[in-house]
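A.B. asks: My questions will all concern the structure given below.
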Amino acid sequence: MFDWWINGILDLSVGQKVIATIILTQITIASVTLYLHRHSAHNALDLHPALKHFFRFWIWLSSAQNTKEWTAIHRKHHAKCETDEDPHSPVAKGLKTVLLTGAELYKEEAANAETLKRYGQRTPDDWLENKIYTPHKMKGVVLMGAIDIFFFGLAGITIWAIQMMWIPVFAAGVINGVGHAIGYRNFECKDASRNISPWGFFIGGEELHNNHHTYPNSAKLSVKPWEFDIGWFYIRILSALGLAKARNIPPKPIKDSHKLELDKDTVMAIIHNRFYVLSQYLEEPGSSHKWS
């Protein structure tokens, strides 16, 4: 009995527990980037009802968040980006504030009834949401702690702590903070968003933040050949299984070398693909302007 309490019912090695922690945190990140972000906030991705329910349940277990609050806050961030009304802009509030108190900024905005009313439309309003997930947020994370201890023993406390820190640190802090302060820009969109890394693996592809702010309604966050969005990788797998379908992806301009005149179709294509056109122009040899 004592050995079960120490090692958990699975009795895993240290290495196996590390792998289990990575898998658990990746499920949390996938739930946030696929369900909360790309599906709920931006309507860029359709998900099978069973998968939506699983993600919603997992978010309740691993983060004490709910769909309406997260969706509303994120939509307001895009609508009021880099202004004093932006819930978590490092430009307006300072990078240190967003990095260190990102979770607190989220909680403060979640208490704003006007934000939830204006930006929280088209989010779940069923029995589970109203009777379980919203009124009993903390019971989910307590249940997750009990599950971790049951399966991993005393090490489950550490695994649980890492799970609880993952979203507040990396999503609320790093993405919302560093993603608007440090990194490279593919596109000159109107805000300060930047791609932290071209390989969006650690935080579900959300590292490609400049790409996302340029094309917020795209289910795919990578745009350059060398960029990798693991969230899009998950979407491709789920699509093959009939569990997901991308509604939008970034546009790809097509060059017609035979067209020599500027007509209405060309003007519309330039407007629609203006970020790509400007980006390619600035990358042309001899261009005197480069992204910072």
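Each chain in the structure tokens gets a letter, A, B and so on, in the order shown; residues start at 1 in every chain, and ligands are counted from 1 in the order they appear.
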Considering only C-alpha atoms, return as a list of chain:residue names whatever protein or nucleic-acid residues lie within 8 Å of stretch 219-235 of chain A, sequence-local ones (same chain, fewer than 3 positions apart) excluded.
C.D. replies: A:Ala30, A:Thr33, A:Leu34, A:Arg38, A:Ala44, A:Leu45, A:Pro198, A:Trp199, A:Gly200, A:Phe201, A:Gly204, A:Gly205, A:Glu206, A:Leu208, A:His209, A:Asn211, A:His212, A:Leu238, A:Ser239, A:Ala244, A:Lys245, A:Ala246, A:Arg247, A:Asn248, A:Ile249, A:Pro250
A.B. asks: Counting only C-alpha atoms, which of A:Asp191, A:Glu104, A:Glu207, A:Glu85 gets nearest to A:Ile175?
C.D. replies: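 The answer is A:Glu207, which sits nearest to A:Ile175.
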A.B. asks: What's the 9 Å shell around stretch 77-80 of chain A, counting only C-alpha atoms, without same-chain residues fewer than 6 positions away, as a VMD selection string?
C.D. replies: chain A and resid 86 to 89 213 216
A.B. asks: Could you dump the residues just selected with C-alpha atoms as an mmCIF file, in the first residue's frame?
C.D. replies:
data_model
loop_
_atom_site.group_PDB
_atom_site.id
_atom_site.type_symbol
_atom_site.label_atom_id
_atom_site.label_comp_id
_atom_site.auth_asym_id
_atom_site.auth_seq_id
_atom_site.Cartn_x
_atom_site.Cartn_y
_atom_site.Cartn_z
ATOM 1 C CA ASP A 86 -6.000 45.688 -24.589
ATOM 2 C CA PRO A 87 -6.226 43.212 -21.674
ATOM 3 C CA HIS A 88 -2.576 42.182 -21.931
ATOM 4 C CA SER A 89 -0.507 44.368 -24.263
ATOM 5 C CA HIS A 213 -2.046 38.626 -36.024
ATOM 6 C CA PRO A 216 -6.112 35.931 -37.364
#
A.B. asks: Which residues of stretch 130-210 of chain A sit at most 12 Å from stretch 6-13 of chain A, using only C-alpha atoms? Give each one's shortest atom pair and distance in Å (one decimal place), in chain and ascending residue order, as a tab-separated table.
C.D. replies:
residue	atom	partner	partner_atom	distance
A:Ala146	CA	A:Gly8	CA	11.0
A:Ile147	CA	A:Gly8	CA	9.9
A:Asp148	CA	A:Gly8	CA	8.4
A:Ile149	CA	A:Gly8	CA	6.5
A:Phe150	CA	A:Gly8	CA	5.4
A:Phe151	CA	A:Gly8	CA	4.7
A:Phe152	CA	A:Gly8	CA	4.1
A:Gly153	CA	A:Gly8	CA	3.6
A:Leu154	CA	A:Ile6	CA	5.3
A:Ala155	CA	A:Asn7	CA	7.5
A:Gly156	CA	A:Gly8	CA	8.0
A:Ile157	CA	A:Ile6	CA	11.0
A.B. asks: What are the closest atom pairs, with distances in Å to one decimal, for each residue of stretch 31-118 of chain A lying within 12 Å of stretch 134-143 of chain A, using only C-alpha atoms, rows by chain and rising residue number, as JSON lines?
C.D. replies:
{"residue": "A:Arg56", "atom": "CA", "partner": "A:Gly140", "partner_atom": "CA", "distance": 11.1}
{"residue": "A:Phe57", "atom": "CA", "partner": "A:Gly140", "partner_atom": "CA", "distance": 8.5}
{"residue": "A:Trp58", "atom": "CA", "partner": "A:Gly140", "partner_atom": "CA", "distance": 8.7}
{"residue": "A:Ile59", "atom": "CA", "partner": "A:Gly140", "partner_atom": "CA", "distance": 8.6}
{"residue": "A:Trp60", "atom": "CA", "partner": "A:Gly140", "partner_atom": "CA", "distance": 5.3}
{"residue": "A:Leu61", "atom": "CA", "partner": "A:Gly140", "partner_atom": "CA", "distance": 4.2}
{"residue": "A:Ser62", "atom": "CA", "partner": "A:Val141", "partner_atom": "CA", "distance": 5.6}
{"residue": "A:Ser63", "atom": "CA", "partner": "A:Val141", "partner_atom": "CA", "distance": 6.7}
{"residue": "A:Ala64", "atom": "CA", "partner": "A:Lys137", "partner_atom": "CA", "distance": 4.8}
{"residue": "A:Gln65", "atom": "CA", "partner": "A:Lys137", "partner_atom": "CA", "distance": 6.8}
{"residue": "A:Asn66", "atom": "CA", "partner": "A:Thr134", "partner_atom": "CA", "distance": 6.3}
{"residue": "A:Thr67", "atom": "CA", "partner": "A:Thr134", "partner_atom": "CA", "distance": 9.0}
{"residue": "A:Lys68", "atom": "CA", "partner": "A:Thr134", "partner_atom": "CA", "distance": 9.3}
{"residue": "A:Glu69", "atom": "CA", "partner": "A:Thr134", "partner_atom": "CA", "distance": 9.5}
{"residue": "A:Trp70", "atom": "CA", "partner": "A:Thr134", "partner_atom": "CA", "distance": 11.9}
{"residue": "A:Ala110", "atom": "CA", "partner": "A:Thr134", "partner_atom": "CA", "distance": 11.7}
A.B. asks: One decimal, in Å: what's the spacing between atom CA of A:Tyr119 and atom CA of A:Lys76?
C.D. replies: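 We find that atom CA of A:Tyr119 and atom CA of A:Lys76 lie 6.5 Å from each other.
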A.B. asks: Give me, please, the distance in Å between atom CA of A:Ser31 and atom CA of A:Leu51, quoted to one decimal.
C.D. replies: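 Value for the atom CA of A:Ser31-atom CA of A:Leu51 distance: 9.5 Å.
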A.B. asks: Which of these residues is nearest to A:Glu108, using only C-alpha atoms: A:Ile73, A:Met165, A:Cys81, A:Met144?
C.D. replies: A:Ile73
A.B. asks: Here is a test: counting only C-alpha atoms, which residue of A:Pro168, A:Thr123, A:Tyr106, A:Val14 is nearest to A:His39?
C.D. replies: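 Residue with the minimum atom-to-atom distance to A:His39: A:Thr123.
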A.B. asks: What is the distance, in Å and to one decimal place, between atom CA of A:Thr97 and atom CA of A:Gln121?
C.D. replies: 28.6 Å
A.B. asks: For A:Glu114, which residue out of A:Asn217, A:Ile23, A:Ile29, A:Ala72 is the nearest one, using only C-alpha atoms?
C.D. replies: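 Among the listed residues, the smallest separation from A:Glu114 belongs to A:Ala72.
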